[in-house]
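Note: the block below is data.tsv and it holds TSV, C-alpha atoms.
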chain	number	residue	atom	x	y	z
A	1	MET	CA	24.90	-9.26	-28.09
A	2	ARG	CA	26.47	-6.24	-26.42
A	3	GLY	CA	28.52	-5.70	-29.59
A	4	TRP	CA	31.87	-5.84	-27.80
A	5	SER	CA	35.10	-7.58	-28.74
A	6	GLN	CA	36.79	-9.98	-26.34
A	7	LYS	CA	39.34	-7.30	-25.52
A	8	GLU	CA	36.72	-4.66	-24.80
A	9	LEU	CA	34.88	-7.01	-22.43
A	10	GLY	CA	38.18	-7.88	-20.74
A	11	LEU	CA	39.03	-4.22	-20.26
A	12	ARG	CA	35.56	-3.52	-18.85
A	13	CYS	CA	36.22	-6.34	-16.37
A	14	GLY	CA	39.38	-4.60	-15.21
A	15	PHE	CA	41.83	-7.01	-16.84
A	16	SER	CA	45.13	-5.61	-18.08
A	17	ALA	CA	45.28	-4.46	-21.71
A	18	SER	CA	47.89	-7.08	-22.54
A	19	THR	CA	45.83	-10.07	-21.33
A	20	ALA	CA	42.22	-8.83	-21.58
A	21	ASP	CA	41.34	-10.61	-24.84
A	22	VAL	CA	43.34	-13.74	-23.99
A	23	ARG	CA	41.58	-14.30	-20.67
A	24	ILE	CA	38.10	-13.89	-22.17
A	25	ALA	CA	39.02	-16.26	-25.01
A	26	GLN	CA	40.23	-18.86	-22.51
A	27	TYR	CA	36.94	-18.66	-20.61
A	28	GLU	CA	34.89	-18.90	-23.80
A	29	LYS	CA	36.79	-22.00	-24.98
A	30	ASN	CA	36.55	-23.66	-21.53
A	31	LYS	CA	40.34	-23.73	-21.24
A	32	LYS	CA	39.99	-21.93	-17.89
A	33	VAL	CA	37.14	-21.57	-15.43
A	34	PRO	CA	36.77	-18.05	-14.01
A	35	ARG	CA	37.08	-17.77	-10.27
A	36	ALA	CA	34.30	-16.17	-8.22
A	37	LYS	CA	35.71	-12.63	-8.44
A	38	ALA	CA	36.34	-12.86	-12.19
A	39	LEU	CA	32.85	-14.25	-12.73
A	40	LYS	CA	31.39	-11.37	-10.75
A	41	ASP	CA	33.46	-8.88	-12.76
A	42	ILE	CA	32.29	-10.38	-16.07
A	43	ALA	CA	28.63	-10.34	-15.03
A	44	GLY	CA	28.97	-6.78	-13.75
A	45	ALA	CA	30.59	-5.61	-16.98
A	46	LEU	CA	27.86	-7.23	-19.08
A	47	GLY	CA	25.14	-5.86	-16.81
A	48	ILE	CA	23.63	-9.30	-16.18
A	49	ASP	CA	23.00	-11.55	-13.19
A	50	GLU	CA	25.81	-13.99	-12.33
A	51	SER	CA	23.32	-16.86	-12.42
A	52	ALA	CA	22.90	-16.31	-16.17
A	53	LEU	CA	26.50	-17.52	-16.66
A	54	TYR	CA	25.78	-20.93	-15.14
A	55	ASP	CA	24.33	-23.48	-17.54
A	56	ALA	CA	22.77	-26.79	-16.50
A	57	ASP	CA	23.77	-29.75	-18.66
A	58	LEU	CA	20.68	-30.39	-20.77
A	59	THR	CA	22.23	-32.24	-23.70
A	60	THR	CA	20.06	-35.35	-23.24
A	61	GLN	CA	16.43	-36.06	-22.34
A	62	THR	CA	17.49	-37.89	-19.19
A	63	GLN	CA	19.53	-34.91	-17.98
A	64	LYS	CA	16.53	-32.65	-18.65
A	65	PHE	CA	14.30	-34.88	-16.52
A	66	HIS	CA	16.74	-34.84	-13.63
A	67	VAL	CA	16.95	-31.05	-13.76
A	68	LEU	CA	13.17	-31.06	-13.31
A	69	PHE	CA	13.56	-33.43	-10.36
A	70	ASP	CA	16.06	-31.00	-8.81
A	71	LEU	CA	13.50	-28.19	-9.21
A	72	GLU	CA	10.97	-30.43	-7.48
A	73	ASP	CA	13.35	-31.03	-4.56
A	74	PHE	CA	14.15	-27.39	-3.93
A	75	TRP	CA	11.27	-25.35	-5.38
A	76	GLY	CA	8.22	-27.59	-5.37
A	77	LEU	CA	7.89	-27.90	-9.15
A	78	HIS	CA	5.49	-30.76	-9.85
A	79	PRO	CA	3.32	-32.15	-12.63
A	80	VAL	CA	-0.44	-31.57	-12.60
A	81	GLU	CA	-2.98	-33.46	-14.67
A	82	LYS	CA	-5.29	-31.19	-16.64
A	83	PRO	CA	-9.05	-31.44	-15.99
A	84	GLY	CA	-10.53	-34.39	-17.83
A	85	GLY	CA	-7.13	-36.05	-18.13
A	86	TYR	CA	-6.21	-34.17	-21.31
A	87	GLY	CA	-2.51	-33.64	-20.83
A	88	TYR	CA	-0.32	-32.23	-18.06
A	89	TYR	CA	1.37	-29.03	-16.98
A	90	LEU	CA	3.99	-28.03	-14.41
A	91	GLU	CA	3.43	-25.67	-11.49
A	92	PHE	CA	5.36	-24.46	-8.46
A	93	GLY	CA	4.02	-24.85	-4.95
A	94	GLY	CA	3.26	-27.28	-2.17
A	95	GLN	CA	5.53	-29.51	-0.13
A	96	THR	CA	8.96	-30.18	-1.62
A	97	VAL	CA	10.81	-33.48	-1.41
A	98	LEU	CA	13.32	-31.86	0.95
A	99	GLY	CA	10.55	-30.78	3.32
A	100	ASN	CA	10.31	-27.13	2.36
A	101	ARG	CA	6.97	-25.46	1.79
A	102	VAL	CA	6.52	-23.34	-1.34
A	103	GLY	CA	3.46	-21.11	-1.58
A	104	ILE	CA	1.65	-21.08	-4.90
A	105	VAL	CA	1.86	-17.28	-4.99
A	106	ASP	CA	5.60	-17.20	-4.21
A	107	ASN	CA	6.45	-17.32	-7.91
A	108	GLU	CA	3.51	-15.28	-9.20
A	109	GLU	CA	5.52	-12.12	-9.85
A	110	PHE	CA	8.27	-14.02	-11.66
A	111	LEU	CA	5.82	-15.98	-13.81
A	112	SER	CA	3.83	-12.84	-14.58
A	113	ASN	CA	6.96	-11.03	-15.79
A	114	TRP	CA	8.06	-14.08	-17.78
A	115	VAL	CA	4.70	-14.36	-19.55
A	116	LYS	CA	4.69	-10.64	-20.34
A	117	MET	CA	8.19	-10.77	-21.86
A	118	ARG	CA	7.48	-13.91	-23.89
A	119	LYS	CA	4.45	-12.19	-25.41
A	120	LYS	CA	6.42	-9.01	-26.02
A	121	TYR	CA	9.28	-10.71	-27.87
A	122	GLU	CA	7.36	-13.56	-29.53
A	123	PRO	CA	8.03	-13.38	-33.29
A	124	LYS	CA	5.08	-12.75	-35.59
A	125	PRO	CA	4.65	-14.57	-38.92
A	126	SER	CA	4.95	-11.21	-40.67
A	127	ASP	CA	8.32	-10.39	-39.04
A	128	SER	CA	11.41	-10.37	-41.21
A	129	ASP	CA	14.37	-12.57	-40.35
A	130	GLU	CA	16.16	-9.50	-39.00
A	131	GLU	CA	13.19	-8.61	-36.77
A	132	LYS	CA	12.98	-12.18	-35.45
A	133	LYS	CA	16.70	-12.13	-34.72
A	134	GLU	CA	16.40	-8.81	-32.87
A	135	LYS	CA	13.48	-10.07	-30.76
A	136	LEU	CA	15.42	-13.22	-29.83
A	137	LYS	CA	18.37	-11.04	-28.83
A	138	GLU	CA	16.21	-8.75	-26.67
A	139	TYR	CA	14.48	-11.71	-25.01
A	140	THR	CA	17.81	-13.41	-24.30
A	141	LEU	CA	19.19	-10.21	-22.78
A	142	TRP	CA	16.05	-9.75	-20.66
A	143	ARG	CA	16.53	-13.23	-19.21
A	144	ALA	CA	20.24	-12.63	-18.61
A	145	GLU	CA	19.54	-9.34	-16.83
A	146	PHE	CA	16.77	-10.80	-14.65
A	147	PRO	CA	15.98	-9.98	-11.81
A	148	HIS	CA	17.91	-6.68	-11.83
A	149	ASN	CA	15.95	-5.33	-14.79
A	150	VAL	CA	12.63	-6.01	-13.07
A	151	ALA	CA	13.85	-4.49	-9.79
A	152	LYS	CA	15.02	-1.41	-11.71
A	153	GLU	CA	11.65	-1.09	-13.42
A	154	ASN	CA	9.80	-1.54	-10.11
A	155	THR	CA	12.02	1.10	-8.50
A	156	LYS	CA	11.27	3.45	-11.37
A	157	GLN	CA	7.53	2.88	-10.98
A	158	ILE	CA	7.73	3.50	-7.23
A	159	GLN	CA	9.73	6.68	-7.79
A	160	ASN	CA	7.20	7.90	-10.36
A	161	ALA	CA	4.34	7.11	-7.99
A	162	MET	CA	6.10	9.06	-5.22
A	163	ARG	CA	6.60	12.02	-7.56
A	164	MET	CA	2.92	11.89	-8.52
A	165	ARG	CA	1.94	11.74	-4.86
A	166	HIS	CA	4.19	14.71	-4.10
A	167	LEU	CA	2.66	16.73	-6.94
A	168	GLN	CA	-0.83	15.73	-5.79
A	169	ASN	CA	0.02	16.86	-2.26
A	170	GLN	CA	1.13	20.24	-3.57
A	171	MET	CA	-2.08	20.57	-5.59
A	172	ASP	CA	-4.18	19.57	-2.56
A	173	GLU	CA	-2.39	22.10	-0.36
A	174	LEU	CA	-2.94	24.83	-2.95
A	175	ASN	CA	-6.59	23.81	-3.38
A	176	ALA	CA	-7.17	24.06	0.38
A	177	GLN	CA	-5.47	27.47	0.54
A	178	MET	CA	-7.48	28.83	-2.39
A	179	HIS	CA	-10.88	27.66	-1.15
A	180	GLY	CA	-10.39	27.40	2.64
A	181	GLU	CA	-12.03	30.62	3.80
A	182	SER	CA	-14.86	30.56	1.25
A	183	GLU	CA	-15.63	26.90	2.00
A	184	LEU	CA	-15.81	27.51	5.74
A	185	ALA	CA	-18.10	30.47	5.05
A	186	ARG	CA	-20.35	28.23	2.92
A	187	ILE	CA	-20.56	25.68	5.73
A	188	ASP	CA	-21.29	28.32	8.39
A	189	GLU	CA	-24.00	29.83	6.23
A	190	ALA	CA	-25.56	26.42	5.59
A	191	MET	CA	-25.57	25.62	9.33
A	192	GLU	CA	-27.03	28.96	10.49
A	193	SER	CA	-30.63	27.72	10.36
A	194	VAL	CA	-29.85	24.15	11.45
A	195	LEU	CA	-27.72	24.58	14.58
A	196	PRO	CA	-30.35	26.52	16.64
A	197	LYS	CA	-32.83	23.67	16.10
A	198	VAL	CA	-30.34	20.93	16.98
A	199	ARG	CA	-28.52	22.47	19.98
A	200	PRO	CA	-31.34	22.05	22.55
A	201	SER	CA	-31.42	18.29	22.04
A	202	CYS	CA	-27.64	17.77	22.24
A	203	GLN	CA	-26.14	16.31	25.40
A	204	PRO	CA	-22.85	17.70	26.76
A	205	MET	CA	-19.72	15.58	26.31
A	206	GLU	CA	-18.46	14.66	29.80
A	207	LYS	CA	-16.15	11.78	28.93
A	208	GLU	CA	-14.49	10.28	25.88
A	209	SER	CA	-16.98	7.42	25.51
A	210	ASP	CA	-19.76	10.02	25.08
A	211	PHE	CA	-17.92	11.45	22.11
A	212	ILE	CA	-17.07	8.03	20.64
A	213	TYR	CA	-20.69	6.87	20.83
A	214	LEU	CA	-21.88	10.09	19.24
A	215	VAL	CA	-19.47	9.66	16.33
A	216	LYS	CA	-20.51	6.02	15.99
A	217	ASP	CA	-24.21	6.97	15.99
A	218	LEU	CA	-23.67	9.62	13.30
A	219	MET	CA	-21.80	7.12	11.15
A	220	GLU	CA	-24.57	4.55	11.55
A	221	GLN	CA	-27.08	7.17	10.39
A	222	GLY	CA	-25.10	7.81	7.22
A	223	LEU	CA	-22.65	10.64	7.91
A	224	ARG	CA	-19.26	9.68	6.51
A	225	ILE	CA	-16.70	10.66	9.12
A	226	GLU	CA	-13.09	10.00	8.18
A	227	ASP	CA	-10.48	9.00	10.72
A	228	ASP	CA	-7.71	9.30	8.12
A	229	ASN	CA	-6.20	12.72	7.80
A	230	PRO	CA	-6.46	14.11	4.25
A	231	GLU	CA	-2.97	15.47	4.90
A	232	SER	CA	-1.67	12.09	6.13
A	233	THR	CA	1.27	12.10	3.70
A	234	ARG	CA	2.72	15.10	5.47
A	235	CYS	CA	4.85	14.14	8.50
A	236	LEU	CA	3.65	15.37	11.88
A	237	GLU	CA	6.21	17.72	13.39
A	238	PRO	CA	6.60	18.97	16.99
A	239	GLY	CA	3.95	21.59	17.63
A	240	ASP	CA	1.60	20.36	14.88
A	241	ASP	CA	-1.98	19.59	15.88
A	242	VAL	CA	-3.23	15.98	15.81
A	243	HIS	CA	-6.00	15.02	13.41
A	244	LEU	CA	-9.31	14.27	15.15
A	245	LEU	CA	-11.71	13.64	12.26
A	246	SER	CA	-12.73	14.97	8.85
A	247	VAL	CA	-15.97	15.25	6.88
A	248	ARG	CA	-16.16	15.90	3.15
A	249	THR	CA	-17.76	19.31	2.71
A	250	GLU	CA	-20.04	18.26	-0.16
A	251	GLU	CA	-21.33	15.51	2.12
A	252	ILE	CA	-22.74	18.26	4.35
A	253	LEU	CA	-23.72	20.91	1.84
A	254	GLY	CA	-25.51	18.63	-0.57
A	255	ASP	CA	-27.95	16.90	1.81
A	256	GLU	CA	-30.37	18.44	4.33
A	257	GLY	CA	-30.40	15.30	6.46
A	258	LYS	CA	-26.61	15.26	6.63
A	259	LYS	CA	-26.66	18.90	7.78
A	260	GLU	CA	-28.58	17.92	10.92
A	261	LEU	CA	-26.19	15.05	11.59
A	262	PHE	CA	-23.22	17.35	11.11
A	263	ALA	CA	-24.87	19.91	13.42
A	264	ARG	CA	-24.82	17.29	16.20
A	265	LEU	CA	-21.10	16.81	15.57
A	266	VAL	CA	-20.54	20.57	15.71
A	267	CYS	CA	-22.35	20.71	19.06
A	268	ALA	CA	-20.14	17.92	20.37
A	269	ILE	CA	-17.03	19.84	19.24
A	270	GLU	CA	-18.36	22.94	21.01
A	271	SER	CA	-18.80	20.86	24.16
A	272	LEU	CA	-15.15	19.74	23.94
A	273	GLN	CA	-14.10	23.35	23.60
A	274	GLN	CA	-16.12	24.23	26.71
A	275	HIS	CA	-13.99	21.62	28.49
A	276	LEU	CA	-10.98	23.74	27.47
A	277	ILE	CA	-9.83	21.26	24.81
A	278	PRO	CA	-8.86	23.63	21.98
A	279	VAL	CA	-10.24	21.73	19.00
A	280	SER	CA	-9.65	23.77	15.84
A	281	ARG	CA	-10.95	23.43	12.30
A	282	LYS	CA	-9.68	24.12	8.81
A	283	ILE	CA	-10.31	23.11	5.21
A	284	THR	CA	-8.08	20.39	3.79
A	285	SER	CA	-8.04	18.75	0.37
A	286	LEU	CA	-7.49	15.26	-0.96
A	287	GLU	CA	-7.51	14.64	-4.71
A	288	LYS	CA	-9.57	17.80	-5.38
A	289	GLU	CA	-12.16	16.94	-2.69
A	290	LEU	CA	-12.48	19.46	0.15
A	291	TYR	CA	-12.84	18.38	3.78
A	292	ILE	CA	-13.58	20.18	7.01
A	293	THR	CA	-10.93	18.83	9.32
A	294	TYR	CA	-10.84	19.07	13.13
A	295	SER	CA	-7.63	18.74	15.11
A	296	TYR	CA	-6.29	19.29	18.63
A	297	PRO	CA	-2.90	20.03	20.26
A	298	GLN	CA	-0.55	17.08	20.79
A	299	GLN	CA	-0.57	17.58	24.56
A	300	ASP	CA	-4.31	16.78	24.62
A	301	PHE	CA	-3.89	13.37	23.02
A	302	ARG	CA	-4.77	11.70	26.35
A	303	TYR	CA	-8.41	12.74	25.87
A	304	PHE	CA	-8.68	10.80	22.59
A	305	VAL	CA	-6.59	7.69	23.21
A	306	ASN	CA	-9.54	5.31	22.99
A	307	LEU	CA	-10.87	6.95	19.85
A	308	PHE	CA	-7.44	6.62	18.25
A	309	HIS	CA	-6.95	2.96	19.24
A	310	HIS	CA	-10.50	1.68	18.72
A	311	TRP	CA	-11.74	3.55	15.66
A	312	ASP	CA	-11.44	0.37	13.58
A	313	ASP	CA	-13.51	-1.52	16.19
A	314	MET	CA	-16.17	1.18	15.97
A	315	LYS	CA	-16.23	1.00	12.16
A	316	GLU	CA	-16.46	-2.79	12.33
A	317	VAL	CA	-19.53	-2.60	14.58
A	318	CYS	CA	-21.12	-0.13	12.14
A	319	ARG	CA	-20.32	-2.39	9.21
A	320	ARG	CA	-21.63	-5.57	10.82
A	321	LYS	CA	-24.83	-3.86	11.90
A	322	GLU	CA	-26.05	-4.03	8.31
A	323	PHE	CA	-26.02	-7.79	7.90
A	324	ILE	CA	-25.79	-9.77	11.18
A	325	PRO	CA	-28.60	-10.55	13.67
A	326	ASP	CA	-29.04	-8.46	16.81
A	327	TRP	CA	-27.88	-11.22	19.17
A	328	GLU	CA	-24.56	-11.50	17.32
A	329	LEU	CA	-24.18	-7.73	17.01
A	330	GLU	CA	-24.59	-7.41	20.79
A	331	LYS	CA	-21.37	-9.34	21.25
A	332	TYR	CA	-19.39	-6.77	19.24
A	333	GLU	CA	-21.17	-3.87	20.94
A	334	ASN	CA	-20.22	-5.27	24.35
A	335	GLU	CA	-16.59	-5.76	23.30
A	336	LEU	CA	-16.40	-2.13	22.19
A	337	ARG	CA	-18.10	-0.93	25.38
A	338	ASP	CA	-15.59	-2.84	27.52
A	339	LYS	CA	-12.71	-1.14	25.68
A	340	ILE	CA	-13.90	2.45	26.04
A	341	THR	CA	-15.95	2.63	29.27
A	342	GLY	CA	-15.42	2.03	32.99
A	343	GLU	CA	-11.79	2.18	34.04
A	344	ASN	CA	-10.75	2.64	30.40
A	345	ASP	CA	-12.82	5.79	29.96
A	346	VAL	CA	-11.29	9.28	29.95
A	347	ILE	CA	-12.99	12.14	31.78
A	348	PHE	CA	-12.80	15.52	30.09
A	349	PRO	CA	-11.38	18.34	32.25
A	350	ASP	CA	-13.73	20.49	34.30
A	351	GLU	CA	-14.28	23.77	32.46
A	352	ASN	CA	-14.44	25.57	35.82
A	353	ALA	CA	-11.11	24.26	37.03
A	354	GLY	CA	-8.85	26.37	34.86
A	355	GLY	CA	-8.04	23.46	32.58
A	356	GLU	CA	-6.59	21.29	35.36
A	357	GLU	CA	-7.87	17.76	35.86
A	358	GLU	CA	-9.11	16.67	39.28
Mind converting the file's structure to structure tokens?
Amino acid sequence: MRGWSQKELGLRCGFSASTADVRIAQYEKNKKVPRAKALKDIAGALGIDESALYDADLTTQTQKFHVLFDLEDFWGLHPVEKPGGYGYYLEFGGQTVLGNRVGIVDNEEFLSNWVKMRKKYEPKPSDSDEEKKEKLKEYTLWRAEFPHNVAKENTKQIQNAMRMRHLQNQMDELNAQMHGESELARIDEAMESVLPKVRPSCQPMEKESDFIYLVKDLMEQGLRIEDDNPESTRCLEPGDDVHLLSVRTEEILGDEGKKELFARLVCAIESLQQHLIPVSRKITSLEKELYITYSYPQQDFRYFVNLFHHWDDMKEVCRRKEFIPDWELEKYENELRDKITGENDVIFPDENAGGEEE
């Protein structure tokens, strides 16, 4: 199938020119059995898996049945009766005779690839004899090369996905640079009339739990606040600020109600800044969407430890609030409160103490 002579295969295996064809001929005629190294060399030269060179003896029905029994012992292959009793089929999974446990999904990827290749190389009635022969050859080679061919294809797909992600990151970075200043100006202009109305009702942030509960309340009222950094694919380096939260800019600009919610968040950020926590903002981008992103210096991470560790708990409470009764919700609220208040709470630094904690 590779189109090589015995001598060419022998030479590709590293055999000497004088014995290359003789050794391959001896193996083919079963006059000699290749040792482990020779078998590995042959498989490597052919670009196939070594297992493809081992053939079970299936010359009789009885031998076929016992091969199936061996598969049952080691891999959980077993017969299943079709619904209604109309025939049977074989499937992998369950307890094996030797006591191993095989999950039904353990062979899903293999079976999926096998089905796909059978369909791809299945001859059509309209195919010529030459086309049928070529399809049989390709299918046989695919089986001989398995699983290396699938691993190679998977690696290629992963590499392509990584390239696409890298290109998308570059586009996002460029998008943020191009629209950063103008987008911030749009937000500031939109908030000019809203912030003066909201500020008087905003409470100062004295401790971390105040900030967490504010964020939670805003999320429950419909403001989508993202804990994931739109720039999360970029590695954090020493000196880089740590992501605090992000809000999609169109979320704010396209809804009057969301503007008031966002104004409360802005007031909370201003309160943090009054505590000498230098929270900064910038425009970031993810898949063409623009976000206003807040971050803080790495050395101030201690003020947001609970937010970092319990953001998922906060989102879970928000999610459950929509469909479980109050008495059950109270349990989750109490669990969150225990994690972020009392001894676990973090007090923000006194703005009159020069940035030093008491």
Quote the spacing between atom CA of Arg12 of chain A and atom CA of Lys40 of chain A in Å to one decimal place.
-> 12.0 Å
In terms of all atoms listed in the file, the residue from A:Leu218, A:Lys259, A:Asn30, A:Glu206 at minimal distance from Glu189 of chain A is A:Lys259
Fewer than 2 positions away in the same chain doesn't count, so skip those; otherwise give me all residues within 6 Å of segment 278-290 of chain A, counting only C-alpha atoms, as a ChimeraX atom specification.
-> /A:172,176,180,230,248-249,273,276,292-296
Interatomic distance (Å, one decimal) between atom CA of Glu8 of chain A and atom CA of Lys133 of chain A |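 Calculated distance between atom CA of Glu8 of chain A and atom CA of Lys133 of chain A is 23.6 Å.
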Near Arg186 of chain A, counting all atoms listed in the file, which residues have an atom at most 12 Å away, once you skip same-chain residues fewer than 4 positions from it, shown as a list of chain:residue names?
->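 Residues near the query, excluding close chain neighbours: A:His179, A:Gly180, A:Glu181, A:Ser182, A:Ala190, A:Met191, A:Glu192, A:Thr249, A:Glu250, A:Ile252, A:Leu253, A:Gly254, A:Ile283, A:Ile292.
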Contacts of segment 316-322 of chain A at 9 Å or less, counting all atoms listed in the file, minus same-chain residues fewer than 2 places along, as a PDB file with C-alpha atoms, in the coordinates of the input?
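File part_30.pdb, as written:
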ATOM      1  CA  LYS A 216     -20.510   6.020  15.990  1.00  0.00           C
ATOM      2  CA  ASP A 217     -24.210   6.970  15.990  1.00  0.00           C
ATOM      3  CA  MET A 219     -21.800   7.120  11.150  1.00  0.00           C
ATOM      4  CA  GLU A 220     -24.570   4.550  11.550  1.00  0.00           C
ATOM      5  CA  TRP A 311     -11.740   3.550  15.660  1.00  0.00           C
ATOM      6  CA  ASP A 312     -11.440   0.370  13.580  1.00  0.00           C
ATOM      7  CA  ASP A 313     -13.510  -1.520  16.190  1.00  0.00           C
ATOM      8  CA  MET A 314     -16.170   1.180  15.970  1.00  0.00           C
ATOM      9  CA  ILE A 324     -25.790  -9.770  11.180  1.00  0.00           C
ATOM     10  CA  PRO A 325     -28.600 -10.550  13.670  1.00  0.00           C
ATOM     11  CA  ASP A 326     -29.040  -8.460  16.810  1.00  0.00           C
ATOM     12  CA  LEU A 329     -24.180  -7.730  17.010  1.00  0.00           C
ATOM     13  CA  TYR A 332     -19.390  -6.770  19.240  1.00  0.00           C
ATOM     14  CA  GLU A 333     -21.170  -3.870  20.940  1.00  0.00           C
ATOM     15  CA  LEU A 336     -16.400  -2.130  22.190  1.00  0.00           C
TER      16      LEU A 336
END
Contacts of Asp228 of chain A at 8 Å or less, counting only C-alpha atoms, minus same-chain residues fewer than 5 places along, as JSON, numbers by chain?
-> {"A": [243, 245, 246]}
What box, with edges along x, y and z, holds each listed atom of segment 174-189 of chain A when 3 Å is added on every side, and can you state its centre and edge lengths in Å to one decimal, as JSON?
{"center_x": -13.5, "center_y": 27.2, "center_z": 2.5, "size_x": 27.1, "size_y": 12.8, "size_z": 17.8}
Would you work out the distance separating atom CA of Ile158 of chain A from atom CA of Asn107 of chain A, expressed in Å to one decimal?
->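 Rounded to one decimal, the two atoms are 20.9 Å apart.
With all atoms listed in the file as the basis for measurement, A:Lys207 is the residue among A:His275, A:Lys207, A:Arg264, A:Arg118 that approaches Ile340 of chain A most closely.
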Using 10 Å as the limit and counting all atoms listed in the file, can you tabulate each residue of segment 60-135 of chain A that touches segment 140-147 of chain A, with its shortest atom-to-atom distance in Å and the two atoms involved, as CSV?
residue,atom,partner,partner_atom,distance
A:Phe110,CA,A:Pro147,CA,8.7
A:Asn113,CA,A:Phe146,CA,9.9
A:Trp114,CA,A:Arg143,CA,8.6
A:Met117,CA,A:Trp142,CA,8.0
A:Tyr121,CA,A:Thr140,CA,9.6
A:Glu134,CA,A:Thr140,CA,9.8
A:Lys135,CA,A:Thr140,CA,8.5
Name the residues, using the chain letters and numbers of the file, that sit within 12 Å of (10.7, -34.5, -13.2) when counting all atoms listed in the file, and give them as an MDAnalysis selection string.
-> chainID A and resid 61:73 76:80 89:91 97
Go through A:Ala17, A:Asn344, A:Asn154, A:Tyr291 and flag the residue nearest Phe304 of chain A, using only C-alpha atoms for the distances.
->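 Going through A:Ala17, A:Asn344, A:Asn154, A:Tyr291 one by one, the smallest distance to Phe304 of chain A is for A:Asn344.
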Residue neighbourhood Pro204 of chain A, 10 Å, only C-alpha atoms, exclusion window fewer than 3 positions, as a VMD selection string | chain A and resid 201 207 210 to 211 267 to 272 274 to 275
Closest of A:Asp21, A:Asp345, A:Asp240, A:Asp41 to Glu208 of chain A - atom-to-atom distances counting all atoms listed in the file |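 Nearest candidate to Glu208 of chain A out of A:Asp21, A:Asp345, A:Asp240, A:Asp41: A:Asp345.
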With all atoms listed in the file as the basis for distance, which of A:Met205, A:Ala25, A:Ala52, A:Leu223 is at the shortest distance from Val346 of chain A?
->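 Of the candidates, the smallest distance to Val346 of chain A is held by A:Met205.
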In terms of the shortest atom-to-atom distance over all atoms listed in the file, which of A:Phe74, A:Tyr139, A:Gly239, A:Val198 is closest to Met1 of chain A?
->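 Of the candidates, the smallest distance to Met1 of chain A is held by A:Tyr139.
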